[in-house]
>>> print(open('upload.txt').read())   # compact mmCIF, C-alpha atoms
# COMPACT_ATOMS: atom_id res chain seq x y z
CA MET F 1 12.72 -30.04 7.06
CA GLU F 2 10.75 -32.62 8.93
CA GLY F 3 8.68 -35.33 7.35
CA ARG F 4 11.29 -37.25 5.34
CA GLN F 5 9.77 -39.13 2.47
CA PRO F 6 10.79 -42.35 0.79
CA ASP F 7 12.70 -41.51 -2.37
CA ASP F 8 10.10 -42.69 -4.84
CA LEU F 9 6.98 -41.59 -2.95
CA VAL F 10 6.15 -38.66 -5.18
CA GLU F 11 6.98 -40.66 -8.31
CA ARG F 12 4.66 -43.46 -7.25
CA MET F 13 2.00 -40.91 -6.45
CA GLN F 14 2.46 -39.43 -9.88
CA GLY F 15 1.67 -42.87 -11.26
CA SER F 16 -1.79 -42.54 -9.64
CA ASP F 17 -0.90 -45.05 -6.91
CA LEU F 18 -3.50 -44.40 -4.20
CA ASP F 19 -1.48 -46.30 -1.57
CA ALA F 20 1.45 -44.01 -2.26
CA PHE F 21 -0.81 -41.02 -1.85
CA GLU F 22 -2.03 -42.33 1.51
CA GLU F 23 1.56 -42.75 2.60
CA PHE F 24 2.27 -39.24 1.38
CA PHE F 25 -0.67 -37.97 3.42
CA ASN F 26 0.45 -39.78 6.57
CA THR F 27 3.99 -38.48 6.17
CA TYR F 28 3.08 -34.82 5.95
CA LYS F 29 -0.29 -34.46 7.66
CA ARG F 30 0.99 -33.48 11.10
CA PRO F 31 3.11 -30.42 10.24
CA VAL F 32 0.47 -29.17 7.81
CA TYR F 33 -2.28 -29.67 10.35
CA ALA F 34 -0.23 -27.91 13.03
CA THR F 35 0.21 -24.89 10.79
CA ALA F 36 -3.49 -24.79 9.97
CA LEU F 37 -4.45 -25.15 13.62
CA ALA F 38 -2.00 -22.48 14.76
CA ILE F 39 -3.50 -20.02 12.30
CA THR F 40 -7.18 -20.86 12.57
CA ARG F 41 -7.30 -22.09 16.22
CA ASP F 42 -10.21 -24.25 15.13
CA PRO F 43 -9.63 -28.04 14.84
CA PHE F 44 -12.51 -28.53 12.42
CA LEU F 45 -11.44 -25.75 10.13
CA ALA F 46 -7.84 -26.93 10.35
CA GLU F 47 -8.89 -30.41 9.25
CA GLU F 48 -10.84 -29.00 6.32
CA VAL F 49 -7.78 -27.04 5.28
CA LEU F 50 -5.65 -30.17 5.62
CA GLN F 51 -7.98 -32.18 3.39
CA ASP F 52 -8.21 -29.44 0.77
CA CYS F 53 -4.47 -29.05 0.78
CA PHE F 54 -3.85 -32.75 0.06
CA VAL F 55 -6.59 -32.94 -2.53
CA LYS F 56 -4.91 -30.07 -4.31
CA ALA F 57 -1.56 -31.84 -4.02
CA TYR F 58 -3.04 -34.94 -5.66
CA ARG F 59 -4.57 -32.91 -8.47
CA VAL F 60 -1.29 -31.21 -9.31
CA ARG F 61 0.89 -34.23 -8.54
CA GLU F 62 2.41 -34.16 -12.03
CA ARG F 63 3.97 -30.80 -11.23
CA LEU F 64 5.63 -31.88 -7.96
CA ASP F 65 9.38 -32.27 -8.17
CA PRO F 66 10.36 -35.76 -6.88
CA ALA F 67 13.85 -34.47 -6.11
CA ARG F 68 12.63 -31.91 -3.57
CA SER F 69 10.59 -32.13 -0.40
CA PRO F 70 6.98 -31.19 -1.05
CA LEU F 71 6.58 -29.89 2.51
CA PRO F 72 7.33 -26.22 1.78
CA TRP F 73 4.78 -26.28 -1.01
CA LEU F 74 2.21 -28.03 1.20
CA GLN F 75 2.77 -25.51 3.98
CA ARG F 76 2.38 -22.63 1.56
CA VAL F 77 -0.89 -24.01 0.20
CA ALA F 78 -2.18 -24.63 3.73
CA ILE F 79 -1.31 -21.09 4.82
CA ASN F 80 -3.08 -19.60 1.80
CA LEU F 81 -6.15 -21.76 2.36
CA CYS F 82 -6.26 -20.77 6.03
CA TYR F 83 -6.21 -17.05 5.33
CA SER F 84 -8.79 -17.30 2.56
CA ARG F 85 -11.10 -19.27 4.88
CA ILE F 86 -10.56 -16.88 7.76
CA SER F 87 -11.34 -13.86 5.63
CA ARG F 88 -14.52 -15.58 4.46
CA ARG F 89 -15.57 -16.39 7.99
CA LYS F 90 -14.57 -13.01 9.40
CA SER F 91 -14.49 -14.32 12.96
CA LEU F 92 -12.50 -17.05 14.58
CA ALA F 93 -14.11 -19.79 16.60
CA GLU F 94 -13.53 -19.91 20.33
CA PRO F 95 -10.18 -21.59 20.80
CA ILE F 96 -10.84 -24.94 22.38
CA THR F 97 -7.18 -25.58 23.14
CA SER F 98 -6.96 -22.52 25.35
CA LEU F 99 -10.04 -23.63 27.29
CA ILE F 100 -8.36 -26.96 27.97
CA THR F 101 -5.16 -25.25 29.04
CA ASN F 102 -7.09 -23.06 31.43
CA LEU F 103 -8.34 -26.15 33.19
CA VAL F 104 -5.00 -27.93 33.35
CA VAL F 105 -2.77 -25.79 35.55
CA ASP F 106 0.41 -26.64 37.37
CA LEU F 107 -0.71 -26.99 40.99
CA ALA F 108 2.86 -26.78 42.23
CA ALA F 109 3.21 -23.23 41.01
CA ARG F 110 2.36 -20.28 43.22
CA PRO F 111 -1.08 -18.81 42.52
CA ASP F 112 0.30 -15.33 41.72
CA GLN F 113 2.77 -16.84 39.24
CA ILE F 114 -0.01 -18.85 37.59
CA VAL F 115 -2.12 -15.75 37.20
CA GLU F 116 0.79 -13.73 35.85
CA SER F 117 1.87 -16.40 33.40
CA ARG F 118 -1.70 -16.96 32.24
CA GLU F 119 -2.10 -13.25 31.71
CA VAL F 120 1.04 -13.07 29.61
CA LEU F 121 0.10 -16.11 27.54
CA ASP F 122 -3.37 -14.73 26.91
CA ALA F 123 -1.92 -11.40 25.88
CA LEU F 124 0.44 -13.16 23.51
CA GLN F 125 -2.37 -15.26 22.04
CA ARG F 126 -4.39 -12.14 21.37
CA GLY F 127 -1.31 -10.51 19.94
CA ILE F 128 -0.66 -13.44 17.58
CA ASP F 129 -4.29 -13.34 16.42
CA ALA F 130 -3.99 -9.63 15.73
CA LEU F 131 -0.80 -9.90 13.67
CA PRO F 132 -1.06 -9.38 9.91
CA PRO F 133 -0.96 -12.68 7.97
CA LYS F 134 2.65 -12.38 6.81
CA LYS F 135 4.02 -11.69 10.27
CA GLN F 136 1.79 -14.36 11.79
CA THR F 137 3.07 -16.87 9.26
CA ALA F 138 6.65 -15.90 10.04
CA ILE F 139 6.11 -16.42 13.76
CA ILE F 140 4.45 -19.81 13.25
CA LEU F 141 7.06 -21.12 10.85
CA TYR F 142 10.08 -19.94 12.84
CA TYR F 143 9.00 -20.31 16.45
CA LEU F 144 6.41 -23.07 16.29
CA HIS F 145 7.81 -25.39 13.63
CA GLY F 146 11.41 -24.43 14.25
CA TYR F 147 12.21 -24.04 10.57
CA SER F 148 15.44 -22.23 9.82
CA LEU F 149 15.31 -18.72 8.44
CA ALA F 150 16.04 -20.04 4.94
CA GLU F 151 13.31 -22.68 5.15
CA SER F 152 10.79 -20.22 6.55
CA ALA F 153 11.66 -17.78 3.80
CA GLU F 154 11.21 -20.48 1.16
CA ILE F 155 7.76 -21.37 2.47
CA ALA F 156 6.73 -17.73 2.76
CA GLU F 157 8.17 -16.98 -0.69
CA CYS F 158 10.40 -14.15 0.43
CA ASN F 159 14.09 -13.70 1.03
CA VAL F 160 15.87 -14.28 4.33
CA GLY F 161 16.23 -10.57 5.07
CA THR F 162 12.51 -10.05 4.65
CA MET F 163 11.80 -12.98 6.94
CA LYS F 164 14.08 -11.50 9.62
CA SER F 165 12.34 -8.18 9.27
CA ARG F 166 8.90 -9.76 9.59
CA LEU F 167 9.97 -11.63 12.73
CA HIS F 168 11.47 -8.48 14.22
CA TYR F 169 8.34 -6.42 13.68
CA ALA F 170 6.10 -9.27 14.84
CA LEU F 171 8.00 -9.45 18.15
CA LYS F 172 7.85 -5.70 18.46
CA ALA F 173 4.08 -5.78 17.97
CA LEU F 174 3.70 -8.59 20.49
CA ARG F 175 5.73 -6.72 23.05
CA VAL F 176 3.29 -3.83 22.94
CA ARG F 177 0.50 -6.26 23.75
CA LEU F 178 2.05 -7.40 26.99
CA PRO F 179 0.78 -5.99 30.27
CA VAL F 180 2.62 -2.78 31.09
CA GLU F 181 4.65 -4.10 33.99
CA ARG F 182 5.83 -7.06 31.91
CA ARG F 183 7.15 -4.75 29.27
CA LEU F 184 9.68 -3.25 31.65
CA PRO F 185 13.15 -4.78 31.53
CA VAL F 186 14.01 -7.51 34.00
CA GLY F 187 16.30 -5.31 36.07
CA THR F 188 13.63 -2.70 36.85
CA PRO F 189 13.12 -2.36 40.62
CA ALA F 190 10.26 -4.39 42.04
CA ALA F 191 8.54 -1.26 43.38
CA VAL F 192 8.22 0.08 39.83
CA ARG F 193 7.07 -3.26 38.47
CA ALA F 194 4.37 -3.52 41.13
CA THR F 195 2.87 -0.13 40.29
CA PRO F 196 -0.89 -0.62 40.13
CA ARG F 197 -2.40 -0.16 36.68
CA MET Q 198 27.92 3.52 18.21
CA THR Q 199 25.27 4.46 20.69
CA CYS Q 200 24.03 2.11 23.37
CA ARG Q 201 20.62 2.06 21.72
CA ARG Q 202 22.02 0.95 18.40
CA ILE Q 203 24.23 -1.72 19.97
CA CYS Q 204 21.22 -3.01 21.84
CA ARG Q 205 19.19 -3.20 18.65
CA GLU Q 206 21.93 -5.10 16.87
CA LEU Q 207 22.35 -7.41 19.83
CA LEU Q 208 18.64 -8.19 19.75
CA TRP Q 209 18.95 -9.02 16.09
CA LEU Q 210 21.99 -11.24 16.68
CA THR Q 211 20.54 -13.15 19.60
CA ARG Q 212 17.13 -13.67 18.02
CA PHE Q 213 18.57 -15.29 14.93
CA GLY Q 214 21.55 -17.02 16.56
CA GLU Q 215 24.07 -15.02 14.59
CA ILE Q 216 26.56 -14.21 17.31
CA GLY Q 217 30.02 -14.98 15.96
CA GLN Q 218 33.62 -13.80 15.90
CA ASP Q 219 32.74 -10.31 14.75
CA SER Q 220 30.23 -9.85 17.58
CA ALA Q 221 33.00 -9.33 20.16
CA PRO Q 222 32.44 -5.54 20.46
CA HIS Q 223 28.76 -6.13 21.08
CA LEU Q 224 29.46 -8.75 23.72
CA ASP Q 225 31.98 -6.46 25.40
CA HIS Q 226 29.32 -3.79 25.59
CA LEU Q 227 26.80 -6.29 26.92
CA ALA Q 228 29.17 -7.28 29.73
CA GLY Q 229 29.32 -3.70 30.96
CA CYS Q 230 25.82 -2.38 30.18
CA HIS Q 231 23.12 -3.28 32.64
CA ALA Q 232 20.31 -1.80 30.52
CA CYS Q 233 21.27 -3.83 27.45
CA ARG Q 234 21.48 -7.02 29.53
CA ASP Q 235 17.98 -6.37 30.79
CA GLU Q 236 16.70 -5.70 27.32
CA ILE Q 237 18.19 -8.85 25.84
CA GLY Q 238 17.05 -10.88 28.82
CA PHE Q 239 13.54 -9.58 28.47
CA ASP Q 240 13.49 -10.36 24.76
CA ARG Q 241 14.61 -13.93 25.37
CA ALA Q 242 11.97 -14.36 28.04
CA MET Q 243 9.32 -13.05 25.71
CA VAL Q 244 10.38 -15.41 22.93
CA GLN Q 245 10.20 -18.27 25.41
CA GLN Q 246 6.67 -17.25 26.35
CA LEU Q 247 5.83 -16.93 22.69
CA ARG Q 248 6.95 -20.50 22.01
CA LEU Q 249 4.73 -21.62 24.88
CA ALA Q 250 1.81 -19.66 23.51
CA LEU Q 251 2.26 -21.14 20.05
CA ALA Q 252 2.60 -24.66 21.41
CA GLU Q 253 -0.56 -24.06 23.41
CA ARG Q 254 -2.40 -23.20 20.22
CA VAL Q 255 -1.54 -26.54 18.69
CA GLY Q 256 -1.06 -28.84 21.68
CA ASP Q 257 -0.87 -32.52 20.81
CA ALA Q 258 -3.65 -32.19 18.36
CA ALA Q 259 -3.53 -34.42 15.33
CA PRO Q 260 -5.99 -34.76 12.50
CA SER Q 261 -8.78 -37.17 13.21
CA PRO Q 262 -8.62 -40.73 11.81
CA ALA Q 263 -11.46 -39.73 9.49
CA ALA Q 264 -9.28 -37.14 7.80
CA TRP Q 265 -8.06 -39.59 5.14
CA ASP Q 266 -11.62 -40.59 4.30
CA GLY Q 267 -12.43 -36.92 3.99
CA VAL Q 268 -9.58 -36.52 1.51
CA LEU Q 269 -10.86 -39.44 -0.58
CA ASP Q 270 -14.37 -38.03 -0.45
CA ARG Q 271 -13.20 -34.63 -1.67
CA MET Q 272 -11.13 -36.21 -4.41
CA ARG Q 273 -14.23 -37.89 -5.85
CA ARG Q 274 -16.02 -34.57 -6.17
CA PRO Q 275 -15.51 -32.81 -9.49
CA GLU Q 276 -12.95 -30.07 -9.42
CA PRO Q 277 -14.75 -26.74 -9.05
CA ARG Q 278 -14.41 -24.58 -12.13
CA PRO Q 279 -13.71 -20.93 -11.72
CA SER Q 280 -16.92 -18.99 -12.24
CA ARG Q 281 -17.35 -17.11 -15.52
CA VAL Q 282 -18.18 -13.87 -13.72
CA ARG Q 283 -14.95 -14.07 -11.79
CA ALA Q 284 -12.92 -14.82 -14.90
CA TRP Q 285 -14.58 -11.89 -16.69
CA THR Q 286 -13.87 -9.59 -13.73
CA VAL Q 287 -10.24 -10.63 -13.71
CA ARG Q 288 -9.96 -9.93 -17.44
CA LEU Q 289 -11.64 -6.54 -17.03
CA ALA Q 290 -9.33 -5.58 -14.18
CA ALA Q 291 -6.32 -6.59 -16.26
CA GLY Q 292 -7.59 -4.50 -19.17
CA LEU Q 293 -8.13 -1.48 -16.94
CA ARG Q 294 -4.67 -1.83 -15.49
CA ALA Q 295 -3.15 -2.00 -18.96
CA GLY Q 296 -5.21 1.00 -20.11
CA THR Q 297 -4.18 3.07 -17.12
CA ALA Q 298 -0.55 2.17 -17.67
CA MET Q 299 -0.74 3.17 -21.34
CA ALA Q 300 -2.43 6.48 -20.50
CA GLY Q 301 0.21 7.22 -17.92
CA ALA Q 302 2.99 6.37 -20.33
CA SER Q 303 1.46 8.60 -23.02
CA LEU Q 304 1.17 11.49 -20.59
CA ALA Q 305 4.76 11.01 -19.51
CA LEU Q 306 5.83 10.97 -23.16
CA ILE Q 307 3.96 14.21 -23.88
CA LEU Q 308 5.54 15.86 -20.86
CA ALA Q 309 8.96 14.56 -21.82
CA LEU Q 310 8.68 15.96 -25.36
CA ASN Q 311 7.29 19.24 -24.00
CA LEU Q 312 4.39 19.16 -26.41
CA GLU Q 313 1.77 21.85 -26.02
CA VAL Q 314 -1.83 21.22 -26.80
CA VAL Q 315 -3.43 24.62 -27.38
CA SER Q 316 -6.81 25.22 -28.94
CA ILE Q 317 -7.02 28.70 -30.41
CA VAL Q 318 -9.51 29.84 -33.00
CA PRO Q 319 -8.67 33.27 -34.40
CA PRO Q 320 -11.52 35.36 -35.81
CA GLY Q 321 -12.59 34.31 -39.24
CA LEU Q 322 -11.88 30.66 -38.56
CA ASN Q 323 -14.75 28.53 -37.45
CA ASP Q 324 -14.46 25.07 -35.98
CA ALA Q 325 -14.75 23.40 -39.38
CA ASP Q 326 -11.72 25.06 -40.89
CA GLN Q 327 -9.41 24.96 -37.92
CA PRO Q 328 -5.85 24.76 -39.07
CA THR Q 329 -3.86 21.61 -38.71
CA ALA Q 330 -0.84 21.39 -36.49
CA ALA Q 331 1.42 21.46 -39.53
CA SER Q 332 0.22 24.89 -40.65
CA GLY Q 333 1.96 27.02 -38.06
CA ARG Q 334 3.01 27.36 -34.48
CA ASP Q 335 0.35 26.01 -32.11
CA GLY Q 336 -1.85 25.21 -35.08
CA VAL Q 337 -2.44 28.83 -36.13
CA PRO Q 338 -1.79 29.45 -39.84
CA PRO Q 339 0.80 32.11 -40.60
CA ASP Q 340 -1.66 34.28 -42.57
CA ALA Q 341 -4.02 34.39 -39.57
CA ILE Q 342 -1.13 35.49 -37.38
CA GLN Q 343 -0.22 38.19 -39.86
CA GLU Q 344 -3.83 39.38 -39.96
CA TRP Q 345 -3.86 39.65 -36.19
CA ILE Q 346 -0.59 41.51 -36.14
CA GLU Q 347 -2.08 44.03 -38.52
CA VAL Q 348 -5.35 44.36 -36.64
CA ALA Q 349 -4.02 44.21 -33.10
CA PRO Q 350 -3.53 47.71 -31.88
CA VAL Q 351 -0.70 49.09 -29.95
CA VAL Q 352 -2.04 49.98 -26.55
CA PRO Q 353 -2.09 53.75 -26.23
CA ALA Q 354 0.27 55.15 -23.70
CA PRO Q 355 -1.37 56.92 -20.74
CA ALA Q 356 -0.09 60.31 -21.94
CA GLU Q 357 -1.52 59.72 -25.40
CA GLU Q 358 -4.85 58.71 -23.91
CA GLU Q 359 -4.99 61.84 -21.76
CA ALA Q 360 -4.26 63.99 -24.82
CA ARG Q 361 -7.02 62.32 -26.74
CA ALA Q 362 -9.46 62.80 -23.87
CA SER Q 363 -8.65 66.51 -23.74
CA THR Q 364 -9.05 66.98 -27.50
CA GLY Q 365 -12.07 64.66 -27.75
CA ALA Q 366 -10.55 62.73 -30.68
CA PRO Q 367 -12.37 59.47 -31.44
CA MET Q 368 -10.79 56.13 -30.64
CA HIS Q 369 -9.29 54.11 -33.51
CA PRO Q 370 -11.71 51.25 -34.37
CA ALA Q 371 -8.98 48.72 -33.78
CA GLU Q 372 -8.65 49.92 -30.22
CA GLN Q 373 -12.22 48.89 -29.58
CA LEU Q 374 -11.24 45.26 -30.02
CA PRO Q 375 -11.10 43.14 -26.91
CA ILE Q 376 -7.37 42.89 -27.28
CA ALA Q 377 -7.10 46.61 -26.65
CA ARG Q 378 -9.24 46.26 -23.58
CA PHE Q 379 -6.92 43.53 -22.43
CA GLY Q 380 -4.09 45.98 -22.83
CA ARG Q 381 -5.83 48.45 -20.56
CA GLN Q 382 -6.48 45.80 -18.02
CA ALA Q 383 -2.83 44.88 -18.17
CA GLU Q 384 -1.99 48.47 -17.23
CA ALA Q 385 -4.17 48.14 -14.19
CA ASN Q 386 -2.45 44.87 -13.36
CA PRO Q 387 1.31 45.47 -13.48
CA VAL Q 388 2.07 41.77 -13.20
CA GLU Q 389 0.63 41.16 -16.65
CA ALA Q 390 1.70 44.46 -18.18
CA ASP Q 391 4.66 42.99 -20.05
CA THR Q 392 2.37 40.82 -22.19
CA THR Q 393 1.37 43.85 -24.26
CA ASP Q 394 4.73 45.60 -24.46
CA ALA Q 395 5.71 44.21 -27.84
CA VAL Q 396 2.50 43.25 -29.50
CA ASP Q 397 3.97 43.19 -32.95
CA ALA Q 398 6.20 40.23 -32.22
CA PRO Q 399 4.38 37.08 -33.47
CA THR Q 400 5.10 35.12 -30.31
CA ASP Q 401 3.54 37.76 -28.12
CA VAL Q 402 0.54 37.95 -30.37
CA LEU Q 403 0.08 34.28 -29.80
CA ARG Q 404 0.35 34.82 -26.09
CA VAL Q 405 -2.26 37.54 -26.27
CA LEU Q 406 -4.39 35.29 -28.43
CA SER Q 407 -4.46 32.68 -25.78
CA VAL Q 408 -5.49 35.28 -23.22
CA ARG Q 409 -8.16 36.47 -25.64
CA LEU Q 410 -9.95 33.15 -25.11
CA VAL Q 411 -11.43 34.57 -21.88
CA PRO Q 412 -14.61 36.48 -22.77
CA ALA Q 413 -14.28 40.17 -22.13
CA ASP Q 414 -17.55 40.42 -20.20
CA ARG Q 415 -16.38 37.70 -17.84
CA ALA Q 416 -13.05 39.38 -17.31
CA GLY Q 417 -14.81 42.24 -15.47
CA MET Q 418 -13.82 44.96 -18.00
CA THR Q 419 -16.69 47.43 -17.97
CA ASP Q 420 -14.90 50.63 -18.84
CA GLY Q 421 -13.50 49.50 -22.17
CA ALA Q 422 -14.32 49.98 -25.82
CA GLY Q 423 -17.69 48.26 -25.55
CA ASP Q 424 -19.10 51.18 -23.57
CA GLN Q 425 -17.50 53.70 -25.88
CA ALA Q 426 -19.00 52.00 -28.91
CA GLY Q 427 -22.44 52.70 -27.52
CA ASP Q 428 -23.07 49.29 -26.03
CA THR Q 429 -25.45 50.44 -23.33
CA ASP Q 430 -27.45 47.22 -22.92
CA THR Q 431 -25.24 45.80 -20.21
CA GLU Q 432 -25.50 47.32 -16.77
CA GLU Q 433 -22.38 48.13 -14.92
CA PRO Q 434 -22.25 46.06 -11.69
CA LYS Q 435 -22.45 48.08 -8.53
CA PRO Q 436 -19.36 48.01 -6.39
CA VAL Q 437 -19.67 46.00 -3.21
CA PRO Q 438 -19.11 48.28 -0.20
CA ASP Q 439 -16.25 47.41 2.06
CA PRO Q 440 -17.22 45.83 5.39
CA PRO Q 441 -16.96 48.15 8.39
CA LEU Q 442 -13.61 48.07 10.08
CA ASP Q 443 -15.01 47.75 13.57
CA GLY Q 444 -16.92 44.57 12.77
CA PRO Q 445 -20.64 43.88 12.76
CA SER Q 446 -22.68 45.92 15.19
>>> encode(input="upload.txt", output="structure tokens")
Amino acid sequence: MEGRQPDDLVERMQGSDLDAFEEFFNTYKRPVYATALAITRDPFLAEEVLQDCFVKAYRVRERLDPARSPLPWLQRVAINLCYSRISRRKSLAEPITSLITNLVVDLAARPDQIVESREVLDALQRGIDALPPKKQTAIILYYLHGYSLAESAEIAECNVGTMKSRLHYALKALRVRLPVERRLPVGTPAAVRATPR
Amino acid sequence: MTCRRICRELLWLTRFGEIGQDSAPHLDHLAGCHACRDEIGFDRAMVQQLRLALAERVGDAAPSPAAWDGVLDRMRRPEPRPSRVRAWTVRLAAGLRAGTAMAGASLALILALNLEVVSIVPPGLNDADQPTAASGRDGVPPDAIQEWIEVAPVVPAPAEEEARASTGAPMHPAEQLPIARFGRQAEANPVEADTTDAVDAPTDVLRVLSVRLVPADRAGMTDGAGDQAGDTDTEEPKPVPDPPLDGPS
């Protein structure tokens, strides 16, 4: 897993060393923040989750195992905090990142390709938002962070088979979300693919 | 293996990078099957788009420089205690779960042991002196059973009844008991007729006893001993006419 820590970082933190805790925060803040942002799509909420997650880590620092990476535990806490916040809010904020991406387009690409690609990405974003929490978590851990199946399963507190199953059904659900002509296999004749909706 | 199944397994293998030595049959199929190649190709393209979509959600975003100050600020705040109402609710829910589980287990135990819970009060026994379960089968004391065997009449056979009607002989008082009326009803209902065939066997008496719990007037028996005993207070309900066969006019 990413975010390698100095060997005695957790031990120093357990000795109430605030500098060690700051180092701990700087070591792990990016992956935890990325997870929170991918789930919430709100930078402010993601930062709140990040802060709460590290405050919790400091409060239970005595229970952290210095021999193991704390990242899976941090990710798990962040994921739980995200979903509890989202359920309290009921609605997600307008994703700022997607607004920025809409403005920054590749001018070298053909206009029809830009439109098609944008349409697919938007459909996928909506599909990811609509996934149940467990499948959404699986997608984020495996495809965004690039954790292995075993690492993803450890963070999600399930076994590897369950993680594979969650990924499989998440992809299946996302595929349904795609525009109809994009769901057809690649080899389908162009005439069929161009059928107006 | 069907093409569909091979394709599904191939999807699984390619998604999780598990193609190895034992995947040769799948790869052989893939080389010759255009549809499977399309399917796998489409899946890979979708995963690629999915990675883009996920990266787009995060971008290069990093927590603000003020995030560490925010952590320190939150650490200075006292740790929020769980509210008492919530703790009480959690305890109540746990108690209810345990209670439900115990009730279910008890029910399962009763079913497993085939225990019967029957409440029967023979005549002469009021609620206060109901027998205990140890006194007889289904809680009925043996002397009460014996008394019922003696009192319970044998249902007169149809021929015997016709003979009595022709001679005008009075009915035996015991036959006026509801149990006799039950016997007559059983004749009208052949499905239940066997319940009165051997009334003098104690087990069948018990069976009849349990049927006896239904009040006679609610059982719709209007031509029984009650009428013959001069009970003229109750009016016989008028039969409901059958609806016309050709429907409402």
>>> closest_atom_pairs(input="upload.txt", of="chain Q", to="chain F", cutoff="12 Å", atoms="only C-alpha atoms", output="CSV")
residue,atom,partner,partner_atom,distance
Q:Arg205,CA,F:His168,CA,10.3
Q:Glu206,CA,F:His168,CA,11.3
Q:Leu208,CA,F:His168,CA,9.1
Q:Trp209,CA,F:His168,CA,7.7
Q:Leu210,CA,F:Lys164,CA,10.6
Q:Thr211,CA,F:His168,CA,11.5
Q:Arg212,CA,F:His168,CA,8.6
Q:Phe213,CA,F:Lys164,CA,7.9
Q:Gly214,CA,F:Leu149,CA,10.4
Q:Glu215,CA,F:Leu149,CA,11.3
Q:Cys230,CA,F:Gly187,CA,11.6
Q:His231,CA,F:Gly187,CA,7.9
Q:Ala232,CA,F:Gly187,CA,7.7
Q:Cys233,CA,F:Pro185,CA,9.1
Q:Arg234,CA,F:Gly187,CA,8.5
Q:Asp235,CA,F:Pro185,CA,5.1
Q:Glu236,CA,F:Pro185,CA,5.6
Q:Ile237,CA,F:Pro185,CA,8.6
Q:Gly238,CA,F:Val186,CA,6.9
Q:Phe239,CA,F:Pro185,CA,5.7
Q:Asp240,CA,F:Leu171,CA,8.6
Q:Arg241,CA,F:Leu171,CA,10.8
Q:Ala242,CA,F:Val186,CA,9.3
Q:Met243,CA,F:Arg175,CA,7.7
Q:Val244,CA,F:Leu171,CA,8.0
Q:Gln245,CA,F:Tyr143,CA,9.3
Q:Gln246,CA,F:Leu121,CA,6.8
Q:Leu247,CA,F:Leu124,CA,6.6
Q:Arg248,CA,F:Tyr143,CA,5.9
Q:Leu249,CA,F:Leu121,CA,7.7
Q:Ala250,CA,F:Leu121,CA,5.6
Q:Leu251,CA,F:Leu144,CA,5.9
Q:Ala252,CA,F:Leu144,CA,6.6
Q:Glu253,CA,F:Thr97,CA,6.8
Q:Arg254,CA,F:Ala38,CA,5.5
Q:Val255,CA,F:Ala38,CA,5.7
Q:Gly256,CA,F:Thr97,CA,7.1
Q:Asp257,CA,F:Ala34,CA,9.1
Q:Ala258,CA,F:Ala34,CA,7.6
Q:Ala259,CA,F:Arg30,CA,6.3
Q:Pro260,CA,F:Glu47,CA,6.2
Q:Ser261,CA,F:Glu47,CA,7.8
Q:Pro262,CA,F:Asn26,CA,10.5
Q:Ala263,CA,F:Glu47,CA,9.7
Q:Ala264,CA,F:Gln51,CA,6.8
Q:Trp265,CA,F:Glu22,CA,7.6
Q:Asp266,CA,F:Gln51,CA,9.2
Q:Gly267,CA,F:Gln51,CA,6.5
Q:Val268,CA,F:Gln51,CA,5.0
Q:Leu269,CA,F:Val55,CA,8.0
Q:Asp270,CA,F:Gln51,CA,9.5
Q:Arg271,CA,F:Val55,CA,6.9
Q:Met272,CA,F:Val55,CA,5.9
Q:Arg273,CA,F:Val55,CA,9.7
Q:Arg274,CA,F:Val55,CA,10.2
Q:Pro275,CA,F:Arg59,CA,11.0
Q:Glu276,CA,F:Arg59,CA,8.9
Q:Pro277,CA,F:Lys56,CA,11.4
>>> closest_residue(input="upload.txt", among="F:Asp8, F:Glu119, F:Glu151, F:Asp19", to="Arg177 in chain F", atoms="all atoms listed in the file")
F:Glu119
>>> atom_distance(input="upload.txt", atom1="CA of Ser16 in chain F", atom2="CA of Glu154 in chain F")
27.8 Å
>>> atom_distance(input="upload.txt", atom1="CA of Ala78 in chain F", atom2="CA of Trp285 in chain Q")
27.1 Å
>>> closest_residue(input="upload.txt", among="F:Ile79, F:Ala57, F:Leu74, F:Ala150", to="Lys134 in chain F", atoms="all atoms listed in the file")
F:Ile79
>>> atom_distance(input="upload.txt", atom1="CA of Gly229 in chain Q", atom2="CA of Arg201 in chain Q")
13.9 Å
>>> closest_residue(input="upload.txt", among="F:Leu141, F:Ile86, F:Met13, F:Ala173", to="Asp65 in chain F", atoms="all atoms listed in the file")
F:Met13
>>> decode(input="upload.txt", residues="range 281-286 of chain Q", atoms="N, CA and C atoms", output="compact mmCIF listing (two decimals), in the first residue's frame")
# COMPACT_ATOMS: atom_id res chain seq x y z
N ARG Q 281 -27.53 9.90 25.78
CA ARG Q 281 -28.14 8.88 26.66
C ARG Q 281 -29.33 8.22 25.98
N VAL Q 282 -30.06 9.05 25.19
CA VAL Q 282 -31.24 8.50 24.50
C VAL Q 282 -30.79 7.41 23.52
N ARG Q 283 -29.70 7.72 22.81
CA ARG Q 283 -29.21 6.76 21.83
C ARG Q 283 -28.75 5.47 22.52
N ALA Q 284 -28.03 5.65 23.62
CA ALA Q 284 -27.54 4.47 24.34
C ALA Q 284 -28.73 3.63 24.85
N TRP Q 285 -29.77 4.33 25.34
CA TRP Q 285 -30.95 3.62 25.84
C TRP Q 285 -31.65 2.88 24.69
N THR Q 286 -31.73 3.55 23.53
CA THR Q 286 -32.38 2.93 22.37
C THR Q 286 -31.62 1.68 21.94
